[in-house]
>>> print(open('model10.cif').read())   # mmCIF, C-alpha atoms and all ligand atoms
data_coords
#
loop_
_atom_site.label_atom_id
_atom_site.label_comp_id
_atom_site.auth_asym_id
_atom_site.auth_seq_id
_atom_site.Cartn_x
_atom_site.Cartn_y
_atom_site.Cartn_z
CA MET A 512 -11.72 -4.96 -97.79
CA ILE A 513 -12.99 -4.25 -94.27
CA PRO A 514 -12.91 -7.44 -92.19
CA GLU A 515 -15.93 -8.15 -90.02
CA PRO A 516 -16.81 -8.08 -87.27
CA ILE A 517 -15.19 -5.13 -85.59
CA GLU A 518 -15.49 -5.80 -81.89
CA LEU A 519 -14.13 -2.40 -80.97
CA VAL A 520 -17.32 -0.35 -80.83
CA ASP A 521 -18.05 2.28 -78.20
CA ASN A 522 -21.23 3.45 -76.50
CA TYR A 523 -21.83 5.99 -79.29
CA ASP A 524 -21.78 3.28 -81.99
CA ARG A 525 -18.39 4.35 -83.28
CA ALA A 526 -16.21 1.49 -84.55
CA PHE A 527 -12.41 1.59 -84.29
CA PRO A 528 -10.72 -0.24 -87.15
CA TYR A 529 -7.73 2.12 -87.04
CA LEU A 530 -4.83 2.10 -84.57
CA ARG A 531 -2.23 4.85 -84.37
CA LEU A 532 0.82 3.37 -82.79
CA SER A 533 3.56 5.66 -81.56
CA ILE A 534 6.93 3.93 -81.59
CA THR A 535 9.05 6.72 -80.15
CA ASP A 536 8.67 10.14 -78.51
CA ILE A 537 12.01 11.24 -79.92
CA CYS A 538 12.13 13.73 -82.76
CA ASN A 539 15.02 15.44 -84.49
CA PHE A 540 12.93 18.45 -85.62
CA ARG A 541 11.86 21.42 -83.52
CA CYS A 542 8.51 22.42 -84.97
CA GLU A 543 7.42 25.66 -83.36
CA TYR A 544 3.99 24.36 -82.34
CA CYS A 545 5.14 20.95 -81.17
CA LEU A 546 8.71 20.81 -79.80
CA PRO A 547 10.06 24.36 -80.06
CA ASP A 548 13.02 23.50 -77.80
CA GLY A 549 13.61 20.12 -79.42
CA TYR A 550 13.13 16.75 -77.77
CA GLN A 551 14.08 16.78 -74.08
CA CYS A 552 14.53 13.72 -71.91
CA SER A 553 16.26 13.27 -68.58
CA SER A 554 16.45 9.46 -68.48
CA LYS A 555 16.85 6.90 -71.24
CA PRO A 556 13.34 6.20 -72.54
CA LYS A 557 12.16 2.63 -72.92
CA PHE A 558 9.87 2.40 -75.90
CA LEU A 559 7.93 -0.70 -76.92
CA THR A 560 10.14 -3.52 -78.16
CA LEU A 561 9.59 -5.49 -81.34
CA ALA A 562 8.10 -8.39 -79.37
CA GLU A 563 5.73 -6.08 -77.50
CA ILE A 564 4.65 -4.40 -80.73
CA GLN A 565 4.00 -7.81 -82.27
CA ARG A 566 1.75 -8.89 -79.38
CA LEU A 567 -0.08 -5.59 -79.33
CA VAL A 568 -0.80 -5.55 -83.05
CA THR A 569 -1.90 -9.20 -83.01
CA ALA A 570 -4.34 -8.54 -80.17
CA PHE A 571 -5.84 -5.49 -81.88
CA THR A 572 -6.18 -7.08 -85.32
CA GLU A 573 -8.06 -9.96 -83.76
CA LEU A 574 -10.51 -7.37 -82.42
CA GLY A 575 -11.02 -6.03 -85.94
CA VAL A 576 -8.32 -3.38 -86.41
CA TRP A 577 -7.15 -3.46 -90.04
CA LYS A 578 -5.32 -0.15 -90.42
CA ILE A 579 -2.16 0.65 -88.48
CA ARG A 580 -0.27 3.92 -88.62
CA LEU A 581 3.20 4.21 -87.12
CA THR A 582 3.87 7.63 -85.71
CA GLY A 583 5.75 9.43 -82.98
CA GLY A 584 7.84 11.67 -82.38
CA GLU A 585 9.60 10.87 -85.58
CA PRO A 586 9.07 7.13 -86.19
CA SER A 587 11.96 6.82 -88.61
CA VAL A 588 14.54 7.72 -85.94
CA ARG A 589 14.13 4.18 -84.61
CA LYS A 590 16.99 2.03 -85.82
CA ASP A 591 14.68 -0.96 -86.11
CA PHE A 592 12.05 0.97 -88.11
CA SER A 593 12.28 -1.40 -91.12
CA GLU A 594 11.90 -4.42 -88.85
CA ILE A 595 8.84 -2.86 -87.24
CA ILE A 596 7.31 -2.24 -90.67
CA ASP A 597 8.06 -5.81 -91.66
CA LEU A 598 6.50 -7.39 -88.60
CA VAL A 599 3.41 -5.16 -88.49
CA SER A 600 2.68 -5.49 -92.20
CA GLN A 601 2.96 -9.30 -91.97
CA THR A 602 0.55 -9.56 -89.06
CA PRO A 603 -2.64 -11.29 -90.25
CA GLY A 604 -5.49 -8.79 -90.52
CA VAL A 605 -3.35 -5.72 -91.31
CA GLU A 606 -4.77 -4.42 -94.58
CA THR A 607 -3.32 -0.92 -94.56
CA MET A 608 0.04 0.03 -93.16
CA ALA A 609 0.89 3.72 -93.00
CA PHE A 610 3.22 6.11 -91.22
CA THR A 611 3.55 9.83 -90.55
CA THR A 612 6.97 11.39 -90.93
CA ASN A 613 8.78 14.70 -91.09
CA GLY A 614 10.42 13.22 -94.18
CA TYR A 615 14.02 13.80 -93.24
CA ARG A 616 15.08 10.24 -94.18
CA LEU A 617 12.46 9.63 -96.84
CA LYS A 618 14.49 10.18 -100.00
CA GLU A 619 17.06 7.55 -99.04
CA ASN A 620 14.62 5.05 -97.55
CA ALA A 621 11.35 5.30 -99.49
CA GLN A 622 12.22 2.18 -101.48
CA SER A 623 13.44 -0.01 -98.64
CA TRP A 624 10.47 0.90 -96.41
CA HIS A 625 8.12 0.07 -99.25
CA ASP A 626 9.94 -3.22 -99.77
CA ALA A 627 9.51 -3.95 -96.06
CA GLY A 628 5.72 -3.59 -96.40
CA MET A 629 4.87 0.09 -95.93
CA LYS A 630 2.21 1.22 -98.40
CA SER A 631 0.99 4.68 -97.33
CA LEU A 632 2.62 7.73 -95.89
CA ASN A 633 1.92 11.23 -94.67
CA VAL A 634 4.75 13.75 -94.84
CA SER A 635 4.58 16.99 -92.88
CA ILE A 636 5.44 20.08 -94.93
CA ASP A 637 4.15 23.24 -93.28
CA SER A 638 5.70 25.57 -95.84
CA LEU A 639 6.82 25.24 -99.45
CA ASP A 640 9.15 28.16 -98.90
CA ARG A 641 12.64 27.07 -97.89
CA THR A 642 13.30 29.90 -95.45
CA MET A 643 9.92 29.54 -93.76
CA PHE A 644 10.28 25.75 -93.59
CA ASN A 645 13.61 26.24 -91.86
CA LYS A 646 12.08 28.71 -89.43
CA ILE A 647 9.17 26.41 -88.52
CA THR A 648 11.11 23.15 -88.17
CA GLY A 649 14.61 24.33 -87.26
CA HIS A 650 15.97 22.44 -90.27
CA ASP A 651 16.92 23.65 -93.73
CA ARG A 652 15.66 20.40 -95.26
CA LEU A 653 12.75 21.41 -97.49
CA ASP A 654 14.45 20.29 -100.70
CA ASP A 655 15.28 16.88 -99.23
CA VAL A 656 11.76 16.39 -97.93
CA LEU A 657 10.23 17.35 -101.28
CA ALA A 658 12.63 14.98 -103.01
CA GLY A 659 11.43 12.29 -100.61
CA VAL A 660 7.84 12.84 -101.75
CA GLU A 661 8.91 12.52 -105.41
CA LYS A 662 10.80 9.34 -104.60
CA SER A 663 7.75 7.89 -102.82
CA LEU A 664 5.57 8.59 -105.85
CA ALA A 665 8.14 6.93 -108.10
CA VAL A 666 8.39 3.90 -105.83
CA GLY A 667 4.62 3.42 -106.02
CA TYR A 668 3.17 3.94 -102.56
CA ASP A 669 -0.62 3.44 -102.61
CA SER A 670 -1.17 6.76 -100.88
CA VAL A 671 1.06 9.81 -100.44
CA LYS A 672 -0.31 12.66 -98.34
CA VAL A 673 1.23 15.92 -97.21
CA ASN A 674 0.19 17.27 -93.79
CA VAL A 675 0.12 21.04 -93.41
CA VAL A 676 -0.72 22.60 -90.06
CA LEU A 677 -2.59 25.81 -90.85
CA LEU A 678 -0.71 28.68 -89.27
CA LYS A 679 -1.98 32.24 -89.33
CA GLY A 680 0.57 34.60 -90.86
CA ILE A 681 2.85 31.72 -91.81
CA ASN A 682 1.15 29.63 -94.47
CA ASP A 683 -2.44 30.87 -94.72
CA PHE A 684 -1.51 33.20 -97.58
CA ALA A 685 0.19 30.34 -99.43
CA ILE A 686 -2.74 27.96 -99.89
CA GLY A 687 -2.52 28.59 -103.64
CA ASP A 688 1.04 27.18 -103.63
CA TYR A 689 -0.28 23.90 -102.28
CA LEU A 690 -3.04 23.84 -104.88
CA ASP A 691 -0.37 24.30 -107.56
CA TYR A 692 1.60 21.50 -105.92
CA VAL A 693 -1.23 18.96 -106.35
CA LYS A 694 -2.12 20.08 -109.88
CA GLU A 695 0.07 17.47 -111.53
CA ARG A 696 0.87 15.23 -108.56
CA PRO A 697 -1.38 12.46 -107.21
CA VAL A 698 -0.84 13.70 -103.69
CA THR A 699 -3.45 14.70 -101.10
CA VAL A 700 -2.55 17.82 -99.14
CA ARG A 701 -4.33 17.88 -95.79
CA PHE A 702 -4.68 21.14 -93.95
CA ILE A 703 -4.88 20.51 -90.21
CA GLU A 704 -6.12 23.12 -87.78
CA LEU A 705 -3.54 23.90 -85.13
CA MET A 706 -4.59 22.25 -81.87
CA GLN A 707 -3.96 23.63 -78.44
CA THR A 708 -1.77 21.37 -76.30
CA GLY A 709 -0.44 21.74 -72.76
CA ASP A 710 2.75 23.43 -74.02
CA ASN A 711 1.65 25.72 -76.83
CA LEU A 712 -1.07 28.05 -75.52
CA ASN A 713 0.61 31.32 -76.53
CA TYR A 714 1.55 29.98 -79.94
CA PHE A 715 -1.95 28.65 -80.39
CA LYS A 716 -3.53 32.00 -79.55
CA LYS A 717 -1.30 33.73 -82.08
CA ARG A 718 -1.43 31.23 -84.93
CA HIS A 719 -4.66 29.26 -84.80
CA LEU A 720 -6.90 29.67 -87.81
CA SER A 721 -10.14 27.95 -88.73
CA ALA A 722 -10.02 25.54 -91.67
CA GLU A 723 -13.07 27.42 -92.97
CA VAL A 724 -10.69 29.86 -94.69
CA VAL A 725 -9.40 27.01 -96.83
CA ARG A 726 -12.87 25.61 -97.48
CA THR A 727 -14.03 29.00 -98.75
CA GLN A 728 -11.11 29.26 -101.18
CA LEU A 729 -11.61 25.72 -102.41
CA LEU A 730 -15.31 26.19 -103.11
CA GLU A 731 -14.65 29.52 -104.88
CA GLN A 732 -12.17 27.76 -107.14
CA GLY A 733 -14.44 24.91 -108.16
CA TRP A 734 -13.31 22.21 -105.75
CA ILE A 735 -16.01 19.73 -104.83
CA GLU A 736 -16.52 18.22 -101.39
CA ASN A 737 -16.48 14.43 -101.68
CA ILE A 738 -19.30 12.39 -100.23
CA ARG A 739 -18.14 10.78 -97.01
CA VAL A 740 -17.87 7.02 -97.09
CA ASN A 741 -18.98 4.99 -94.11
CA GLY A 742 -16.16 4.48 -91.63
CA ALA A 743 -14.03 7.32 -93.07
CA GLY A 744 -12.10 9.35 -90.52
CA PRO A 745 -12.73 12.96 -89.56
CA ALA A 746 -11.04 14.50 -92.64
CA VAL A 747 -13.26 16.19 -95.22
CA ASN A 748 -11.89 15.70 -98.73
CA PHE A 749 -12.18 17.82 -101.86
CA SER A 750 -11.39 17.06 -105.48
CA HIS A 751 -11.25 19.04 -108.72
CA PRO A 752 -11.42 17.70 -112.28
CA ASP A 753 -8.34 19.73 -113.35
CA TYR A 754 -6.12 18.46 -110.54
CA LYS A 755 -4.43 15.08 -110.16
CA GLY A 756 -4.19 15.48 -106.42
CA ALA A 757 -6.76 16.25 -103.73
CA ILE A 758 -7.20 18.43 -100.66
CA GLY A 759 -8.31 17.35 -97.20
CA LEU A 760 -9.36 19.44 -94.22
CA ILE A 761 -9.00 18.32 -90.64
CA ALA A 762 -10.89 20.69 -88.38
CA PRO A 763 -10.90 19.36 -84.83
CA TYR A 764 -12.69 22.46 -83.54
CA SER A 765 -15.60 21.99 -85.90
CA LYS A 766 -18.97 20.81 -84.65
CA ASP A 767 -19.42 17.03 -84.86
CA PHE A 768 -15.70 16.36 -85.58
CA CYS A 769 -15.68 13.55 -83.02
CA LEU A 770 -18.69 11.80 -84.55
CA GLY A 771 -16.30 10.53 -87.24
CA CYS A 772 -13.70 9.25 -84.80
CA ASN A 773 -12.50 5.83 -85.95
CA ARG A 774 -9.14 5.49 -84.20
CA LEU A 775 -7.48 4.47 -80.96
CA ARG A 776 -3.96 5.39 -79.97
CA ILE A 777 -1.07 3.70 -78.25
CA THR A 778 1.80 5.72 -76.80
CA ALA A 779 5.41 4.73 -77.34
CA THR A 780 5.52 3.20 -73.88
CA GLY A 781 2.35 1.18 -74.36
CA ASP A 782 -0.49 3.23 -72.88
CA LEU A 783 -3.86 3.12 -74.59
CA ARG A 784 -5.29 6.58 -75.24
CA LEU A 785 -8.95 6.65 -76.09
CA CYS A 786 -8.61 10.19 -77.44
CA LEU A 787 -5.62 12.29 -78.47
CA PHE A 788 -6.79 14.79 -75.88
CA GLY A 789 -8.07 12.34 -73.29
CA ASP A 790 -7.13 12.73 -69.67
CA VAL A 791 -6.53 9.03 -69.04
CA GLY A 792 -3.74 6.75 -70.22
CA ILE A 793 -4.46 3.06 -69.72
CA PRO A 794 -1.27 1.05 -69.29
CA LEU A 795 -1.16 -2.07 -71.46
CA ARG A 796 2.50 -2.90 -71.24
CA ASP A 797 2.18 -5.30 -68.31
CA LEU A 798 0.01 -7.45 -70.61
CA LEU A 799 2.50 -7.41 -73.48
CA GLN A 800 5.09 -9.59 -71.82
CA SER A 801 4.04 -13.03 -73.08
CA ASP A 802 1.80 -14.45 -75.78
CA ASP A 803 -0.51 -16.11 -73.26
CA GLN A 804 -1.63 -12.68 -71.94
CA LYS A 805 -3.47 -11.89 -75.17
CA GLN A 806 -6.99 -12.51 -73.92
CA ALA A 807 -6.44 -10.46 -70.79
CA LEU A 808 -5.08 -7.66 -72.95
CA GLN A 809 -8.07 -7.77 -75.28
CA ALA A 810 -10.47 -7.79 -72.32
CA ARG A 811 -8.79 -4.71 -70.83
CA VAL A 812 -9.03 -2.82 -74.11
CA MET A 813 -12.68 -3.76 -74.65
CA LYS A 814 -13.62 -2.70 -71.13
CA GLN A 815 -11.96 0.69 -71.58
CA LEU A 816 -14.03 1.51 -74.64
CA ASP A 817 -16.98 2.07 -72.31
CA TYR A 818 -15.13 5.14 -71.06
CA LYS A 819 -14.53 6.77 -74.44
CA LYS A 820 -16.20 10.15 -74.36
CA SER A 821 -18.47 11.45 -77.09
CA SER A 822 -16.11 14.33 -77.83
CA HIS A 823 -12.86 15.99 -76.90
CA PHE A 824 -13.42 19.29 -75.13
CA LEU A 825 -10.76 21.26 -76.97
CA ALA A 826 -13.07 24.17 -77.62
CA GLN A 827 -13.27 24.62 -73.85
CA GLY A 828 -9.45 24.62 -73.71
CA GLU A 829 -9.23 21.11 -72.23
CA THR A 830 -6.11 19.46 -73.61
CA GLY A 831 -6.08 16.44 -71.32
CA LEU A 832 -2.71 14.82 -70.64
CA ILE A 833 -0.98 15.96 -73.75
CA PRO A 834 1.92 18.46 -73.49
CA ASN A 835 2.59 18.22 -77.26
CA LEU A 836 1.64 15.85 -80.07
CA SER A 837 5.05 14.18 -80.24
CA SER A 838 4.42 12.71 -76.79
CA THR A 839 1.23 10.88 -77.73
CA GLY A 840 1.69 10.31 -81.42
CA GLY A 841 0.01 12.86 -83.64
N1 LIG B 1 7.13 13.66 -86.67
C1 LIG B 1 6.14 13.24 -87.58
C2 LIG B 1 5.59 14.39 -88.38
O1 LIG B 1 5.81 15.53 -87.99
O2 LIG B 1 4.93 14.14 -89.37
C3 LIG B 1 5.02 12.45 -86.93
C4 LIG B 1 4.50 12.94 -85.60
S1 LIG B 1 3.68 14.52 -85.65
C5 LIG B 1 3.23 14.71 -83.98
C6 LIG B 1 2.19 14.09 -86.52
C7 LIG B 1 1.44 15.24 -87.13
O3 LIG B 1 0.91 16.04 -86.09
C8 LIG B 1 2.27 16.16 -88.00
O4 LIG B 1 1.63 16.34 -89.24
C9 LIG B 1 2.30 17.45 -87.24
O5 LIG B 1 2.40 18.57 -88.09
C10 LIG B 1 0.99 17.38 -86.50
N2 LIG B 1 0.95 18.22 -85.31
C11 LIG B 1 1.85 18.30 -84.30
N3 LIG B 1 1.45 19.17 -83.35
C12 LIG B 1 0.25 19.66 -83.76
C13 LIG B 1 -0.69 20.59 -83.21
N4 LIG B 1 -0.49 21.18 -82.06
N5 LIG B 1 -1.82 20.83 -83.92
C14 LIG B 1 -2.06 20.21 -85.11
N6 LIG B 1 -1.21 19.33 -85.66
C15 LIG B 1 -0.07 19.05 -85.00
FE1 LIG B 2 8.83 16.41 -84.64
FE2 LIG B 2 6.62 15.90 -85.96
FE3 LIG B 2 6.55 17.35 -83.66
FE4 LIG B 2 7.63 18.40 -85.87
S1 LIG B 2 5.48 17.79 -85.57
S2 LIG B 2 8.54 18.42 -83.80
S3 LIG B 2 8.54 16.67 -86.85
S4 LIG B 2 7.07 15.21 -83.86
#
>>> encode(input="model10.cif", output="C-alpha cells", more="lines below")
Ligand code: SAM
Ligand code: SF4
Amino acid sequence: MIPEPIELVDNYDRAFPYLRLSITDICNFRCEYCLPDGYQCSSKPKFLTLAEIQRLVTAFTELGVWKIRLTGGEPSVRKDFSEIIDLVSQTPGVETMAFTTNGYRLKENAQSWHDAGMKSLNVSIDSLDRTMFNKITGHDRLDDVLAGVEKSLAVGYDSVKVNVVLLKGINDFAIGDYLDYVKERPVTVRFIELMQTGDNLNYFKKRHLSAEVVRTQLLEQGWIENIRVNGAGPAVNFSHPDYKGAIGLIAPYSKDFCLGCNRLRITATGDLRLCLFGDVGIPLRDLLQSDDQKQALQARVMKQLDYKKSSHFLAQGETGLIPNLSSTGG
C-alpha cells in the first residue's frame, strides 16, 4: 500500500517515497570499481547514531517516505545493525525495509535480521566464478555469499535480488550463467551499468559496457519486458515463463533514466544528497539532535527539493561529489 499524500515532490513532478540511508562508509571488501585499495580513513568516523537515525526516519516517513533501504559501505559491519533494522522497521509508515550487502555475513545472520524486521535484500555478486569473484572483491567468499542467498530464500524474505555490475571482459560473457541461476530460484538478478565516479575513471574506460548487450540477449531468448508500474524506480524488468526468477537492467547512461527517479539519499554522516551524483550535500545532522527539531528538519528537506536537477550529467563525465559509491551509499 502506498500511503498518501507524498509531500516530497520536486519541480519535475517526481515523487520520492524511497530513502536510501547509508549507515557506514566502512567496507571490508575491495571491489575493483569501488574501493580497490580497501576502505581508508585517517580519523575515527562518526556515523549517525541510533537516536539520529530514529529522528531522521520519523521525519521522512511523515513526509510520505514508505520504503527505506540501508546501505553503505557495507551496512552489516555495524555492530548495532540488528538494532537499526528493528528501530527503522518499527517506525510508523515504513512499509518496505530493505538493505544492500556484499553478503559476507548473510548466511549466519539472514534469520536474525529477518526476525528483527528486514524483509528485502540485494546481494552483490559480480561473478559466479570463484576465482573471478575473488579477483573482483579481494575475498574468496563466493560460496559463503551464495549460501547466504539460499538461506535468505529459505528464511522467507519477500524479495531477494542479486546485483551484478556489468564489467566488460569480466562478466559480460557469463550472462547465461546468471540466467541459469534464476531458472529455478525466485531471485531477481539486476545488471547495473558501471558508473564513473571520481576515483575510477581508468577502470570505467576499460570496463564500462552498455546494458543494451544484456537487453539484446534477453529479447533473443524470449524474455519479455514488464510494463512499468507507476512510481517504480529506474530499473527495467524482464520475465520469462520458463524461469522462476527475473532479470532487471539498471542503465544510468540511458536516455530518460532520471525521469524514473524516486529516491533521496542520506550519507552515513547525515547529509542529504538529492542525487547519487549531485554536487551538493545538505547537512541535516544539526537538526537530528532532539525530537523538537523535527519540523525544522522537514522544512529544510522540502526546501531543498526545489534544487533537485532534472538529470545527472554522467554522460558528460560529471560525477559530482562522489569519489566512489561506498562513500555515498550505492
Ligand atoms: N557493500 C554493499 C554492496 O556491495 O552490495 C552495499 C554498498 S555498494 C556501494 C551498493 C551497490 O553499488 C553494489 O551493488 C555495488 O556493486 C554497486 N556499485 C558500487 N560502485 C559502483 C559503480 N561505480 N557503478 C555501478 N555500481 C556500483
Ligand atoms: Fe564494498 Fe560494496 Fe563497494 Fe564492494 S561495492 S567495495 S562491497 S561498498
>>> closest_residue(input="model10.cif", among="A:Ser600, A:Gln732, A:Thr699, A:Ser587", to="A:Ala746", atoms="all atoms listed in the file")
A:Thr699
>>> axis_aligned_box(input="model10.cif", around="ligand LIG 1 (chain B)", padding_each_side="3 Å", output="AutoDock Vina command-line options")
--center_x 2.5 --center_y 16.8 --center_z -85.7 --size_x 15.2 --size_y 14.7 --size_z 13.3
>>> closest_residue(input="model10.cif", among="A:Tyr544, A:Trp577, A:Phe715, A:Trp624", to="ligand LIG 2 (chain B)", atoms="all atoms listed in the file")
A:Tyr544
>>> closest_residue(input="model10.cif", among="A:Ala609, A:Ile735, A:Leu836, A:Ala722", to="ligand LIG 2 (chain B)", atoms="only C-alpha atoms and all ligand atoms")
A:Leu836
>>> closest_atom_pairs(input="model10.cif", of="chain A", to="ligand LIG 1 (chain B)", cutoff="6 Å", atoms="all atoms listed in the file", output="JSON lines")
{"residue": "A:Tyr544", "atom": "CA", "partner": "B:LIG1", "partner_atom": "N4", "distance": 5.5}
{"residue": "A:Cys545", "atom": "CA", "partner": "B:LIG1", "partner_atom": "N3", "distance": 4.6}
{"residue": "A:Thr582", "atom": "CA", "partner": "B:LIG1", "partner_atom": "C3", "distance": 5.1}
{"residue": "A:Gly583", "atom": "CA", "partner": "B:LIG1", "partner_atom": "C4", "distance": 4.6}
{"residue": "A:Gly584", "atom": "CA", "partner": "B:LIG1", "partner_atom": "N1", "distance": 4.8}
{"residue": "A:Glu585", "atom": "CA", "partner": "B:LIG1", "partner_atom": "N1", "distance": 3.9}
{"residue": "A:Thr611", "atom": "CA", "partner": "B:LIG1", "partner_atom": "O2", "distance": 4.7}
{"residue": "A:Thr612", "atom": "CA", "partner": "B:LIG1", "partner_atom": "O2", "distance": 3.8}
{"residue": "A:Asn613", "atom": "CA", "partner": "B:LIG1", "partner_atom": "C2", "distance": 4.2}
{"residue": "A:Val634", "atom": "CA", "partner": "B:LIG1", "partner_atom": "O2", "distance": 5.5}
{"residue": "A:Ser635", "atom": "CA", "partner": "B:LIG1", "partner_atom": "O2", "distance": 4.5}
{"residue": "A:Asn674", "atom": "CA", "partner": "B:LIG1", "partner_atom": "O4", "distance": 4.9}
{"residue": "A:Val676", "atom": "CA", "partner": "B:LIG1", "partner_atom": "O5", "distance": 5.5}
{"residue": "A:Ile703", "atom": "CA", "partner": "B:LIG1", "partner_atom": "C14", "distance": 5.8}
{"residue": "A:Glu704", "atom": "CA", "partner": "B:LIG1", "partner_atom": "C14", "distance": 5.7}
{"residue": "A:Leu705", "atom": "CA", "partner": "B:LIG1", "partner_atom": "N5", "distance": 3.7}
{"residue": "A:Met706", "atom": "CA", "partner": "B:LIG1", "partner_atom": "N5", "distance": 3.7}
{"residue": "A:Gln707", "atom": "CA", "partner": "B:LIG1", "partner_atom": "N4", "distance": 5.6}
{"residue": "A:Thr708", "atom": "CA", "partner": "B:LIG1", "partner_atom": "N4", "distance": 5.9}
{"residue": "A:Leu836", "atom": "CA", "partner": "B:LIG1", "partner_atom": "C5", "distance": 4.4}
{"residue": "A:Ser837", "atom": "CA", "partner": "B:LIG1", "partner_atom": "C5", "distance": 4.2}
{"residue": "A:Gly840", "atom": "CA", "partner": "B:LIG1", "partner_atom": "C5", "distance": 5.3}
{"residue": "A:Gly841", "atom": "CA", "partner": "B:LIG1", "partner_atom": "C5", "distance": 3.7}
>>> closest_residue(input="model10.cif", among="A:Val576, A:Leu639, A:Leu559, A:Leu678", to="A:Ile517", atoms="only C-alpha atoms")
A:Val576
>>> closest_residue(input="model10.cif", among="A:Thr778, A:Asp548, A:Gln809, A:Asp651", to="A:Thr572", atoms="all atoms listed in the file")
A:Gln809
>>> closest_residue(input="model10.cif", among="A:Thr569, A:Asn711, A:Ser750, A:Gln815", to="A:Leu729", atoms="only C-alpha atoms")
A:Ser750
>>> atom_distance(input="model10.cif", atom1="atom CA of A:Val791", atom2="atom CA of A:Arg811")
14.0 Å
>>> atom_distance(input="model10.cif", atom1="atom CA of A:Gly792", atom2="atom CA of A:Ala807")
17.4 Å
>>> residues_near_point(input="model10.cif", point="(-1.7, 18.4, -110.1)", cutoff="12 Å", atoms="all atoms listed in the file", output="mmCIF file with C-alpha atoms, in the frame of the given file")
data_model
loop_
_atom_site.group_PDB
_atom_site.id
_atom_site.type_symbol
_atom_site.label_atom_id
_atom_site.label_comp_id
_atom_site.auth_asym_id
_atom_site.auth_seq_id
_atom_site.Cartn_x
_atom_site.Cartn_y
_atom_site.Cartn_z
ATOM 1 C CA ASP A 688 1.040 27.180 -103.630
ATOM 2 C CA TYR A 689 -0.280 23.900 -102.280
ATOM 3 C CA LEU A 690 -3.040 23.840 -104.880
ATOM 4 C CA ASP A 691 -0.370 24.300 -107.560
ATOM 5 C CA TYR A 692 1.600 21.500 -105.920
ATOM 6 C CA VAL A 693 -1.230 18.960 -106.350
ATOM 7 C CA LYS A 694 -2.120 20.080 -109.880
ATOM 8 C CA GLU A 695 0.070 17.470 -111.530
ATOM 9 C CA ARG A 696 0.870 15.230 -108.560
ATOM 10 C CA PRO A 697 -1.380 12.460 -107.210
ATOM 11 C CA VAL A 698 -0.840 13.700 -103.690
ATOM 12 C CA THR A 699 -3.450 14.700 -101.100
ATOM 13 C CA VAL A 700 -2.550 17.820 -99.140
ATOM 14 C CA SER A 750 -11.390 17.060 -105.480
ATOM 15 C CA HIS A 751 -11.250 19.040 -108.720
ATOM 16 C CA PRO A 752 -11.420 17.700 -112.280
ATOM 17 C CA ASP A 753 -8.340 19.730 -113.350
ATOM 18 C CA TYR A 754 -6.120 18.460 -110.540
ATOM 19 C CA LYS A 755 -4.430 15.080 -110.160
ATOM 20 C CA GLY A 756 -4.190 15.480 -106.420
ATOM 21 C CA ALA A 757 -6.760 16.250 -103.730
ATOM 22 C CA ILE A 758 -7.200 18.430 -100.660
#
>>> residues_near_point(input="model10.cif", point="(16.2, 25.0, -83.3)", cutoff="10 Å", atoms="all atoms listed in the file", output="PyMOL selection string")
chain A and resi 539-543+546-549+645-650
>>> write_last_selection(input="model10.cif", atoms="C-alpha atoms", output="tab-separated table (two decimals), in the frame of the given file")
chain	number	residue	atom	x	y	z
A	539	ASN	CA	15.02	15.44	-84.49
A	540	PHE	CA	12.93	18.45	-85.62
A	541	ARG	CA	11.86	21.42	-83.52
A	542	CYS	CA	8.51	22.42	-84.97
A	543	GLU	CA	7.42	25.66	-83.36
A	546	LEU	CA	8.71	20.81	-79.80
A	547	PRO	CA	10.06	24.36	-80.06
A	548	ASP	CA	13.02	23.50	-77.80
A	549	GLY	CA	13.61	20.12	-79.42
A	645	ASN	CA	13.61	26.24	-91.86
A	646	LYS	CA	12.08	28.71	-89.43
A	647	ILE	CA	9.17	26.41	-88.52
A	648	THR	CA	11.11	23.15	-88.17
A	649	GLY	CA	14.61	24.33	-87.26
A	650	HIS	CA	15.97	22.44	-90.27
>>> atom_distance(input="model10.cif", atom1="atom CA of A:Met629", atom2="atom FE4 of ligand LIG 2 (chain B)")
21.1 Å
